[in-house]
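I have placed the structure first, in the form of structure tokens, so that the comments after it can refer back to it.
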Amino acid sequence: MSKEEHLLTVRNLKKHFPIRGGLFGGQIGTVQAVDGVSFTIKHGQTLGLVGESGCGKSTTGMLVLRLLEMTAGQVLFQGQDVGQMKKQELRDFRRHAQIIFQDPYASLNPRMSVGDIIAEPMMLHDIASGIERTKKVEDLLKVVGLGPHHARRYPHEFSGGQRQRIGIARALAVQPKLIVCDEPVSALDVSIQSQILNLLVDLQQELGLAYLFIAHGLNAVKHISDEIGVMYLGKMVELGEGDELILNPLHPYTKTLISAIPQPHPGAKKNRIILQGDVPSPANPPSGCRFHTRCPEQIAICSQEEPEFRQVQSRFVACHLVK
Amino acid sequence: MEANIEVKKQIKANGHVHVDKVKGPFAEFVERFMKSRSAVIGLGILIVLICCAVFAPILAPYNPYESNLPIALQAPSAEHILGVDELGRDIFSRILYGAQVSLVVGVEAVTLALFFGILLGALAGFYGGKVDTAIMGVMDVMLSFPSILLALAFMTVLGRGIDKAVIAIGIVSIPQYARIVRGSVLSVKENVYVTAARAIGNNDRRLIFVHILPNVLAPIIVRSTIGISEAILEAAALGFLGLGVMPPTAEWGTMLGAGRQTIFNAPHIVTFPGLAITLTVMAFNLLGDGLRDVLDPRLK
Amino acid sequence: MQIPLLQINQLQTHFHIGKRVVKAVDGISISVNPGETMALVGESGSGKSVTAMSIMRLLPEAITKTQGEILFEGRDMLKMSMEEIRDIRGKHISMIFQEPMTSLNPAYTIGEQISEAVRVHSNVDKKTAWNKAVEMLELVGIPAAVQRAKEYPHQMSGGMRQRVMIAISLVCNPRLLLADEPTTALDVTIQAQILDLIIKLAKEFNTALIMITHDLGVVAEIAQNMAVMYAGRIVEQGRVADVFANPHHPYTVGLMDSIPRLDGGKKQRLHTIEGVVPDLSALPMGCTFADRCEYAKEKCREEFPAVRVLANARQVACHYPLGGIES
């Protein structure tokens, strides 16, 4: 199919943060937060990114929206190179690509009323004004399950789940095509998580939104995603259709991740893979395959040669063991 | 429940639409202000002080510059309720007239310092890197001199006079505000809502002024209330050194300085101007504390 | 019949804040047998952490009013002097917290912190205590324990710190361990390590465990008994296998159905519990869950449901329980 099918194409994305130190604050090393990640998102579809802390999934989300400057690679949004955009183009891009954050307590300006928070993106992008804008704010509040009277309140008056709804309304205000959801339910209670997940699914179906859904909880990612990408230490280790990937994981890390999640089935037979040790520091990643230090299936080549991220049938995987 | 009432109010107010119109933001501000006891008391004292300054010619029982040497150093009495100074001038009248100078010096100097302090501090904190190094380098150099010495240096360039003194004092206190603002901006800008604001397309100017600065108000307000008293005292010190406010001009700081020699046999000469300064500082402090709370929607 | 290690009867913990009374825990009863694991499940504000803090008597006394009984080996802890409590804390009952970053003192090495815990409760010299500390570090799976004992908390990862916390809490061989969301702040693969470690050590030391968590997966994996808390009360308790197989309280059902499952359908609607947890300082008259319950009837809003005791030590507090019990 043509490019049109892909809303977002990410190629070999890299972000290296310098580590400064020493007497004169010179660079003494780099943290390879994201190191060569590629994926695509189709219109109206969801790509889920999972991984543990430090794997670079949130950084990837920030890079896609150019809230951080990338070190190398390419992000194409509807064929346009996000990295090359000038100020005005970038502003227009922000109309089409939005973000929802993890911490609903920190992501809303405490000094602004909810109405102002939701109206601000419309003001910045000249969408509606005056009474029409107020009306739109009310509509958006309704869409996310709040009431028009909430517009005058301030963020601290709301619960975590309600704040997350406000954050969603703000993202929707510019009628975006893509929303990066950065751990949108991790900070919420279980019963509230399902409310927000349902809302996100409903909005996707009604508005044709595409999501880049970033989370460490595989359950939530599996629930909402069409495709899932698994990240480890700045690299994508496996990428494929969601159900298939969970049922038949190819990469040893994906297998571990799936087996590590405590499942609510008491007495069920478990073949849990317990990894040894901690995630290595991204400032000093292991040679060869980055997972080899903890991999239960590693062979000799793993510590020497980095596996290529290649297509295996309908799946992409980076592992020497997968033929 | 509360929500219901609000909705009804809204409908009553104007059919449908504008949610903000239920109670205008200004009306709401006034209402909250009136509820804050410290803000009201502070403002009350301040209004009294301003009235003293404005209506000094009417309120003052004597000419503040007319000396009456025979009664010099006289303690408070029925004729001179706050006593007379070393030249036999009525202290009460001088304090009333002094308010004209002192209040203006304090407020103007702090306003000047705040304006540049906030601007420089915000730029340094927001952009960091070379901008930060450059701005804060200059600020640190300024801070390394005793402020009065630096003010003196500026006065030699600017020339004499009260307005020059205000400018000198204002410039000298810029670093203190810049430092506070920079520190607060550094921590506030790490908040996710700042990133969120960037993600919806805010430019740097709006990020700084709409999303960051309102959240660093609290420490700035507290610091500037103290700053006002410092400015008054520094103006007095400059006057004492023969720059800035010159005798015989009635001004609290100068009065305080002049009364020093006679502090043991006529303590009232220093006491009352001192009290006037304290009262002013207290008024600004109370107002500042109150404002800080009133302006914080979280404390509603 | 076995004598329970810990028996809580009608515990109420109310906070008096200004004129408000926050009923954080409002009449709960549980019992834990030696060596058994009990899970306290609930969302934020359900009172599960306050229950643990009440057992440890760690709440600020000035604003806390506690009633009921907390019988530890038959003695009521609420009637004990602070001295007696201090003797129990750490030695007989110890606690692990959620936040491994802040629950260790950054100014001391981890070896010092573990030996400190030893020396508080037993009269041994520094050397013996230090050796004990190293031994514990090995036991909780910290490699090169002799060297690591000399390190400071900031030099360790979150998972390692949680291991150190476990070492501190088990060093005096307590009979009861309270674990307050010990794995919530950790990554999944690390969480798996820590859960395994807790289960293994609890068995080895024959320590009873009260596991406080919001994660039903964790409950299913490590506990024998569970109590589901909502707004300061226990709405349902029983053996884990029984409760999962046939939950009776609508809140338990809602909680179980609202988790997205790995074997569930893609983008399928999840069950939700609408609304939010009630204000603990203004609880409704009837059942606290009535406002969010899809089965609520008039009676639910008027009358608080008494706890019903069923077979197999199963209890449920609902007027109209689900899953085939006549009401």
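Convention: chains lettered A, B, ... in structure tokens order; per-chain residue numbering from 1; ligands numbered from 1 as shown.
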
Per residue of chain A within 7 Å of chain C, note the shortest atom pair and the distance in Å to one decimal, counting only C-alpha atoms, and order the rows by chain and increasing residue number, as a Markdown table.
| residue | atom | partner | partner_atom | distance |
| --- | --- | --- | --- | --- |
| A:Glu52 | CA | C:Asp187 | CA | 5.7 |
| A:Ser53 | CA | C:Asp187 | CA | 6.7 |
| A:Asp189 | CA | C:Glu43 | CA | 5.8 |
| A:Val190 | CA | C:Ile259 | CA | 6.8 |
| A:Ser191 | CA | C:Ile273 | CA | 5.7 |
| A:Ser194 | CA | C:Ser258 | CA | 5.6 |
| A:Gln195 | CA | C:Thr272 | CA | 5.6 |
| A:Asn198 | CA | C:Arg269 | CA | 6.0 |
| A:Val201 | CA | C:Lys267 | CA | 6.3 |
| A:Asn219 | CA | C:Leu262 | CA | 5.4 |
| A:Ala220 | CA | C:Pro260 | CA | 5.9 |
| A:Lys222 | CA | C:Leu262 | CA | 6.5 |
| A:His223 | CA | C:Lys266 | CA | 5.1 |
| A:Ile224 | CA | C:Lys267 | CA | 5.1 |
| A:Leu257 | CA | C:Thr189 | CA | 6.5 |
| A:Ala260 | CA | C:Ala192 | CA | 5.6 |
| A:Ile261 | CA | C:Val188 | CA | 6.4 |
| A:Pro262 | CA | C:Gly217 | CA | 4.4 |
| A:Gln263 | CA | C:Gly217 | CA | 4.3 |
| A:Pro264 | CA | C:Gly217 | CA | 4.0 |
| A:His265 | CA | C:Ala220 | CA | 5.9 |
| A:Pro266 | CA | C:Ala220 | CA | 4.4 |
| A:Ile274 | CA | C:Gln193 | CA | 6.2 |
| A:Leu275 | CA | C:Thr189 | CA | 6.6 |

Interface list for chain B, partner chain A, 6 Å threshold, only C-alpha atoms, as a list of chain:residue names: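 So the contacting residues turn out to be B:Val192, B:Tyr193, B:Ile200, B:Gly201.
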
As a ChimeraX atom specification, list the residues of segment 133-275 of chain B assigned to helix (DSSP H, G or I) by DSSP on the backbone atoms of this structure. /B:133-144,147-158,162-188,192-199,204-240,252-262,268-275

Go ahead and compute the interatomic distance for atom CA of Glu138 of chain C and atom CA of Ala167 of chain C, in Å to one decimal.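 Taking atom CA of Glu138 of chain C as the start and atom CA of Ala167 of chain C as the end point, the length is 9.1 Å.
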
Distance of atom CA of Gly259 of chain B from atom CA of Ala165 of chain B, expressed in Å to one decimal place: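 If I compute the distance from atom CA of Ala165 of chain B to atom CA of Gly259 of chain B, I get 21.4 Å.
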
Computed interatomic separation between atom CA of Thr109 of chain C and atom CA of Leu176 of chain C (Å):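 Going from atom CA of Thr109 of chain C over to atom CA of Leu176 of chain C, I get 25.9 Å.
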
Contact residues around Tyr295 of chain C with only C-alpha atoms at 12 Å, ignoring same-chain residues under 6 positions, as a ChimeraX atom specification: /C:249-251,253-254,273,287,289,301,318-322

Keeping only N, CA, C and O atoms, write the selected residues as a PDB file, in the first residue's frame.
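Output file out.pdb follows:
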ATOM      1  N   HIS C 249     -19.247 -10.654  46.652  1.00  0.00           N
ATOM      2  CA  HIS C 249     -19.561  -9.226  46.769  1.00  0.00           C
ATOM      3  C   HIS C 249     -19.430  -8.538  45.406  1.00  0.00           C
ATOM      4  O   HIS C 249     -18.454  -8.766  44.688  1.00  0.00           O
ATOM      5  N   PRO C 250     -20.384  -7.688  45.067  1.00  0.00           N
ATOM      6  CA  PRO C 250     -20.309  -7.019  43.752  1.00  0.00           C
ATOM      7  C   PRO C 250     -19.014  -6.238  43.552  1.00  0.00           C
ATOM      8  O   PRO C 250     -18.519  -6.137  42.430  1.00  0.00           O
ATOM      9  N   TYR C 251     -18.427  -5.712  44.631  1.00  0.00           N
ATOM     10  CA  TYR C 251     -17.172  -4.986  44.473  1.00  0.00           C
ATOM     11  C   TYR C 251     -16.047  -5.942  44.076  1.00  0.00           C
ATOM     12  O   TYR C 251     -15.250  -5.629  43.179  1.00  0.00           O
ATOM     13  N   VAL C 253     -16.366  -8.733  42.520  1.00  0.00           N
ATOM     14  CA  VAL C 253     -16.640  -9.126  41.135  1.00  0.00           C
ATOM     15  C   VAL C 253     -16.160  -8.024  40.178  1.00  0.00           C
ATOM     16  O   VAL C 253     -15.466  -8.290  39.200  1.00  0.00           O
ATOM     17  N   GLY C 254     -16.528  -6.779  40.528  1.00  0.00           N
ATOM     18  CA  GLY C 254     -16.160  -5.653  39.676  1.00  0.00           C
ATOM     19  C   GLY C 254     -14.655  -5.534  39.531  1.00  0.00           C
ATOM     20  O   GLY C 254     -14.123  -5.323  38.438  1.00  0.00           O
ATOM     21  N   ILE C 273     -16.210  -0.046  37.290  1.00  0.00           N
ATOM     22  CA  ILE C 273     -16.974   0.335  38.472  1.00  0.00           C
ATOM     23  C   ILE C 273     -17.103   1.834  38.361  1.00  0.00           C
ATOM     24  O   ILE C 273     -16.123   2.556  38.523  1.00  0.00           O
ATOM     25  N   CYS C 287     -24.800   0.820  52.804  1.00  0.00           N
ATOM     26  CA  CYS C 287     -23.598   0.173  52.314  1.00  0.00           C
ATOM     27  C   CYS C 287     -22.716   1.211  51.628  1.00  0.00           C
ATOM     28  O   CYS C 287     -23.197   1.997  50.812  1.00  0.00           O
ATOM     29  N   PHE C 289     -20.652   0.917  49.375  1.00  0.00           N
ATOM     30  CA  PHE C 289     -20.444   0.663  47.958  1.00  0.00           C
ATOM     31  C   PHE C 289     -21.714   0.918  47.143  1.00  0.00           C
ATOM     32  O   PHE C 289     -21.684   0.921  45.914  1.00  0.00           O
ATOM     33  N   ARG C 301     -29.064   1.316  50.478  1.00  0.00           N
ATOM     34  CA  ARG C 301     -28.774   2.707  50.802  1.00  0.00           C
ATOM     35  C   ARG C 301     -29.200   3.070  52.212  1.00  0.00           C
ATOM     36  O   ARG C 301     -28.815   4.097  52.744  1.00  0.00           O
ATOM     37  N   CYS C 318     -22.865  -8.049  52.420  1.00  0.00           N
ATOM     38  CA  CYS C 318     -23.711  -7.573  51.329  1.00  0.00           C
ATOM     39  C   CYS C 318     -25.132  -8.052  51.559  1.00  0.00           C
ATOM     40  O   CYS C 318     -25.352  -9.188  51.995  1.00  0.00           O
ATOM     41  N   HIS C 319     -26.098  -7.181  51.262  1.00  0.00           N
ATOM     42  CA  HIS C 319     -27.500  -7.599  51.402  1.00  0.00           C
ATOM     43  C   HIS C 319     -27.892  -8.599  50.328  1.00  0.00           C
ATOM     44  O   HIS C 319     -28.720  -9.469  50.550  1.00  0.00           O
ATOM     45  N   TYR C 320     -27.309  -8.398  49.155  1.00  0.00           N
ATOM     46  CA  TYR C 320     -27.706  -9.252  48.037  1.00  0.00           C
ATOM     47  C   TYR C 320     -26.479  -9.869  47.382  1.00  0.00           C
ATOM     48  O   TYR C 320     -26.110  -9.519  46.262  1.00  0.00           O
ATOM     49  N   PRO C 321     -25.813 -10.770  48.091  1.00  0.00           N
ATOM     50  CA  PRO C 321     -24.566 -11.317  47.548  1.00  0.00           C
ATOM     51  C   PRO C 321     -24.800 -12.105  46.262  1.00  0.00           C
ATOM     52  O   PRO C 321     -25.884 -12.649  46.053  1.00  0.00           O
ATOM     53  N   LEU C 322     -23.754 -12.123  45.433  1.00  0.00           N
ATOM     54  CA  LEU C 322     -23.848 -12.827  44.154  1.00  0.00           C
ATOM     55  C   LEU C 322     -23.309 -14.237  44.315  1.00  0.00           C
ATOM     56  O   LEU C 322     -22.742 -14.597  45.336  1.00  0.00           O
TER      57      LEU C 322
END

Near segment 82-88 of chain C, within 9 Å and counting only C-alpha atoms, which residues show up once chain neighbours fewer than 3 positions away are dropped, as a ChimeraX atom specification? /C:56-57,77,91-94,120-121,174

Just to be explicit: take each residue in the selection above, keep all heavy atoms, and write the result as an mmCIF file, in the first residue's frame.
data_model
loop_
_atom_site.group_PDB
_atom_site.id
_atom_site.type_symbol
_atom_site.label_atom_id
_atom_site.label_comp_id
_atom_site.auth_asym_id
_atom_site.auth_seq_id
_atom_site.Cartn_x
_atom_site.Cartn_y
_atom_site.Cartn_z
ATOM 1 N N MET C 56 1.047 -1.800 63.765
ATOM 2 C CA MET C 56 2.377 -1.403 64.222
ATOM 3 C C MET C 56 2.327 -0.218 65.179
ATOM 4 O O MET C 56 3.371 0.213 65.668
ATOM 5 C CB MET C 56 3.258 -1.045 63.023
ATOM 6 C CG MET C 56 3.606 -2.190 62.107
ATOM 7 S SD MET C 56 4.595 -3.433 62.934
ATOM 8 C CE MET C 56 6.254 -2.874 62.561
ATOM 9 N N ARG C 57 1.161 0.327 65.401
ATOM 10 C CA ARG C 57 0.991 1.550 66.203
ATOM 11 C C ARG C 57 1.911 2.670 65.692
ATOM 12 O O ARG C 57 2.575 3.353 66.455
ATOM 13 C CB ARG C 57 1.296 1.263 67.687
ATOM 14 C CG ARG C 57 0.350 0.264 68.340
ATOM 15 C CD ARG C 57 -0.788 0.911 69.112
ATOM 16 N NE ARG C 57 -0.398 1.833 70.152
ATOM 17 C CZ ARG C 57 -0.277 1.498 71.439
ATOM 18 N NH1 ARG C 57 -0.469 0.245 71.832
ATOM 19 N NH2 ARG C 57 0.028 2.397 72.328
ATOM 20 N N MET C 77 -2.532 -5.556 71.582
ATOM 21 C CA MET C 77 -1.502 -4.550 71.308
ATOM 22 C C MET C 77 -1.966 -3.130 71.550
ATOM 23 O O MET C 77 -1.172 -2.242 71.811
ATOM 24 C CB MET C 77 -1.002 -4.689 69.869
ATOM 25 C CG MET C 77 -0.256 -5.972 69.639
ATOM 26 S SD MET C 77 0.377 -6.086 67.970
ATOM 27 C CE MET C 77 1.566 -4.767 67.923
ATOM 28 N N LYS C 91 11.090 -7.115 66.131
ATOM 29 C CA LYS C 91 11.493 -8.416 66.664
ATOM 30 C C LYS C 91 10.427 -9.477 66.370
ATOM 31 O O LYS C 91 10.734 -10.556 65.899
ATOM 32 C CB LYS C 91 11.721 -8.285 68.164
ATOM 33 C CG LYS C 91 12.355 -9.514 68.780
ATOM 34 C CD LYS C 91 12.703 -9.207 70.224
ATOM 35 C CE LYS C 91 13.236 -10.425 70.954
ATOM 36 N NZ LYS C 91 13.382 -10.115 72.383
ATOM 37 N N HIS C 92 9.178 -9.143 66.684
ATOM 38 C CA HIS C 92 8.106 -10.118 66.465
ATOM 39 C C HIS C 92 7.253 -9.791 65.254
ATOM 40 O O HIS C 92 6.732 -10.675 64.593
ATOM 41 C CB HIS C 92 7.229 -10.221 67.714
ATOM 42 C CG HIS C 92 8.001 -10.637 68.925
ATOM 43 N ND1 HIS C 92 8.736 -11.786 68.968
ATOM 44 C CD2 HIS C 92 8.190 -10.026 70.127
ATOM 45 C CE1 HIS C 92 9.327 -11.895 70.160
ATOM 46 N NE2 HIS C 92 9.017 -10.824 70.871
ATOM 47 N N ILE C 93 7.075 -8.503 65.019
ATOM 48 C CA ILE C 93 6.338 -8.079 63.829
ATOM 49 C C ILE C 93 7.205 -7.062 63.101
ATOM 50 O O ILE C 93 7.673 -6.096 63.704
ATOM 51 C CB ILE C 93 5.002 -7.378 64.181
ATOM 52 C CG1 ILE C 93 4.158 -8.241 65.120
ATOM 53 C CG2 ILE C 93 4.218 -7.067 62.913
ATOM 54 C CD1 ILE C 93 2.834 -7.611 65.506
ATOM 55 N N SER C 94 7.441 -7.246 61.823
ATOM 56 C CA SER C 94 8.179 -6.211 61.107
ATOM 57 C C SER C 94 7.451 -5.855 59.820
ATOM 58 O O SER C 94 6.488 -6.507 59.436
ATOM 59 C CB SER C 94 9.617 -6.636 60.840
ATOM 60 O OG SER C 94 9.624 -7.840 60.143
ATOM 61 N N VAL C 120 19.361 -3.686 68.237
ATOM 62 C CA VAL C 120 18.243 -3.114 68.985
ATOM 63 C C VAL C 120 17.556 -4.198 69.807
ATOM 64 O O VAL C 120 17.107 -3.978 70.927
ATOM 65 C CB VAL C 120 17.237 -2.430 68.030
ATOM 66 C CG1 VAL C 120 15.913 -2.172 68.722
ATOM 67 C CG2 VAL C 120 17.814 -1.141 67.505
ATOM 68 N N HIS C 121 17.465 -5.383 69.232
ATOM 69 C CA HIS C 121 16.663 -6.416 69.887
ATOM 70 C C HIS C 121 17.452 -7.524 70.557
ATOM 71 O O HIS C 121 16.899 -8.344 71.255
ATOM 72 C CB HIS C 121 15.692 -7.031 68.872
ATOM 73 C CG HIS C 121 14.636 -6.057 68.459
ATOM 74 N ND1 HIS C 121 13.679 -5.589 69.329
ATOM 75 C CD2 HIS C 121 14.402 -5.433 67.288
ATOM 76 C CE1 HIS C 121 12.894 -4.736 68.698
ATOM 77 N NE2 HIS C 121 13.323 -4.618 67.456
ATOM 78 N N PRO C 174 11.076 -12.529 62.738
ATOM 79 C CA PRO C 174 9.773 -12.170 63.299
ATOM 80 C C PRO C 174 8.736 -13.244 63.001
ATOM 81 O O PRO C 174 8.916 -14.058 62.107
ATOM 82 C CB PRO C 174 9.432 -10.887 62.545
ATOM 83 C CG PRO C 174 10.094 -11.036 61.229
ATOM 84 C CD PRO C 174 11.360 -11.796 61.497
#

Distance query segment 200-213 of chain C at most 9 Å, only C-alpha atoms, self and fewer than 6 positions along chain excluded, as a CSV table (one decimal) with N, CA and C atoms, in the first residue's frame:
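Once written, part.csv looks like this:
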chain,number,residue,atom,x,y,z
C,5,LEU,N,-2.2,-16.3,65.2
C,5,LEU,CA,-1.1,-15.5,65.6
C,5,LEU,C,-1.5,-14.1,65.8
C,32,VAL,N,-5.0,-14.2,61.4
C,32,VAL,CA,-3.9,-14.8,60.6
C,32,VAL,C,-3.2,-15.8,61.5
C,33,ASN,N,-3.1,-17.0,60.9
C,33,ASN,CA,-2.5,-18.1,61.7
C,33,ASN,C,-1.0,-18.1,61.4
C,34,PRO,N,-0.2,-18.8,62.3
C,34,PRO,CA,1.2,-18.8,62.2
C,34,PRO,C,1.6,-19.4,60.8
C,35,GLY,N,2.5,-18.7,60.2
C,35,GLY,CA,3.0,-19.2,58.9
C,35,GLY,C,2.1,-19.0,57.7
C,36,GLU,N,1.0,-18.4,57.9
C,36,GLU,CA,0.0,-18.3,56.8
C,36,GLU,C,0.2,-16.9,56.1
C,37,THR,N,-0.3,-16.8,54.9
C,37,THR,CA,-0.3,-15.6,54.2
C,37,THR,C,-1.7,-15.1,53.9
C,38,MET,N,-1.9,-13.8,54.4
C,38,MET,CA,-3.2,-13.2,54.2
C,38,MET,C,-3.0,-12.0,53.3
C,39,ALA,N,-3.8,-11.8,52.3
C,39,ALA,CA,-3.7,-10.6,51.4
C,39,ALA,C,-4.8,-9.7,51.8
C,40,LEU,N,-4.4,-8.4,52.0
C,40,LEU,CA,-5.4,-7.3,52.1
C,40,LEU,C,-5.4,-6.6,50.8
C,41,VAL,N,-6.6,-6.7,50.1
C,41,VAL,CA,-6.7,-6.1,48.8
C,41,VAL,C,-7.6,-4.9,48.8
C,42,GLY,N,-7.3,-3.9,48.1
C,42,GLY,CA,-8.1,-2.8,48.0
C,42,GLY,C,-7.5,-1.7,47.2
C,43,GLU,N,-8.2,-0.6,46.8
C,43,GLU,CA,-7.7,0.5,46.1
C,43,GLU,C,-7.3,1.6,47.0
C,48,LYS,N,-6.3,-0.2,53.7
C,48,LYS,CA,-5.5,-1.3,53.8
C,48,LYS,C,-4.1,-1.0,54.5
C,49,SER,N,-3.6,0.2,54.1
C,49,SER,CA,-2.3,0.6,54.7
C,49,SER,C,-2.5,1.0,56.1
C,52,ALA,N,-2.4,-1.7,58.5
C,52,ALA,CA,-1.0,-2.2,58.9
C,52,ALA,C,-0.4,-1.2,59.8
C,139,LEU,N,21.4,-14.2,52.1
C,139,LEU,CA,20.1,-15.0,52.1
C,139,LEU,C,19.1,-14.3,51.1
C,140,VAL,N,19.1,-13.0,51.1
C,140,VAL,CA,18.1,-12.3,50.2
C,140,VAL,C,18.7,-12.2,48.8
C,170,LEU,N,13.6,-9.3,58.3
C,170,LEU,CA,13.6,-10.7,58.7
C,170,LEU,C,14.8,-11.0,59.6
C,173,ASN,N,14.0,-12.6,62.8
C,173,ASN,CA,13.2,-13.8,62.7
C,173,ASN,C,11.8,-13.5,63.3
C,174,PRO,N,11.1,-12.5,62.7
C,174,PRO,CA,9.8,-12.2,63.3
C,174,PRO,C,8.7,-13.2,63.0
C,175,ARG,N,7.6,-13.2,63.8
C,175,ARG,CA,6.6,-14.2,63.5
C,175,ARG,C,5.6,-13.7,62.5
C,176,LEU,N,5.6,-12.3,62.3
C,176,LEU,CA,4.6,-11.7,61.4
C,176,LEU,C,5.3,-10.6,60.6
C,177,LEU,N,5.1,-10.7,59.3
C,177,LEU,CA,5.7,-9.7,58.4
C,177,LEU,C,4.6,-8.9,57.7
C,178,LEU,N,4.6,-7.6,57.8
C,178,LEU,CA,3.6,-6.8,57.1
C,178,LEU,C,4.3,-6.2,55.9
C,179,ALA,N,3.8,-6.6,54.7
C,179,ALA,CA,4.4,-6.1,53.5
C,179,ALA,C,3.4,-5.1,52.8
C,180,ASP,N,3.7,-3.8,52.8
C,180,ASP,CA,2.8,-2.9,52.2
C,180,ASP,C,3.2,-2.6,50.8
C,181,GLU,N,2.5,-3.2,49.8
C,181,GLU,CA,2.8,-3.0,48.4
C,181,GLU,C,4.3,-3.1,48.1
C,182,PRO,N,4.9,-4.2,48.5
C,182,PRO,CA,6.4,-4.2,48.4
C,182,PRO,C,6.9,-4.2,47.0
C,183,THR,N,6.1,-4.5,46.0
C,183,THR,CA,6.6,-4.7,44.7
C,183,THR,C,6.0,-3.7,43.7
C,184,THR,N,5.1,-2.8,44.2
C,184,THR,CA,4.4,-1.9,43.3
C,184,THR,C,5.4,-0.9,42.6
C,219,VAL,N,-2.1,-11.4,44.7
C,219,VAL,CA,-2.9,-12.2,45.7
C,219,VAL,C,-2.9,-13.6,45.2
C,222,ILE,N,0.4,-15.5,45.8
C,222,ILE,CA,1.2,-15.8,47.1
C,222,ILE,C,0.3,-16.1,48.3
C,223,ALA,N,-1.0,-15.7,48.3
C,223,ALA,CA,-1.7,-15.8,49.5
C,223,ALA,C,-2.6,-17.0,49.6

Strand (DSSP E or B) residues, from DSSP on the backbone, in segment 77-295 of chain A, as number ranges by chain: A: 77, 80-81, 97-100, 178-182, 210-215, 227-232, 235-241

Shell around segment 245-256 of chain A at 8 Å using only C-alpha atoms, local window under 6 positions removed, as a PyMOL selection string: (chain A and resi 222+228+230+237-239+272-275+291+295-297+317-319+322) or (chain C and resi 189+262)

Close residues, segment 170-182 of chain B itself excluded, 10 Å, only C-alpha atoms, min 3 positions apart in chain, as a PyMOL selection string: chain B and resi 105-126+128+132+135-136+138-143+145-152+154+164-167+185-188+213+216-217+219-220+223-224+227+230-231
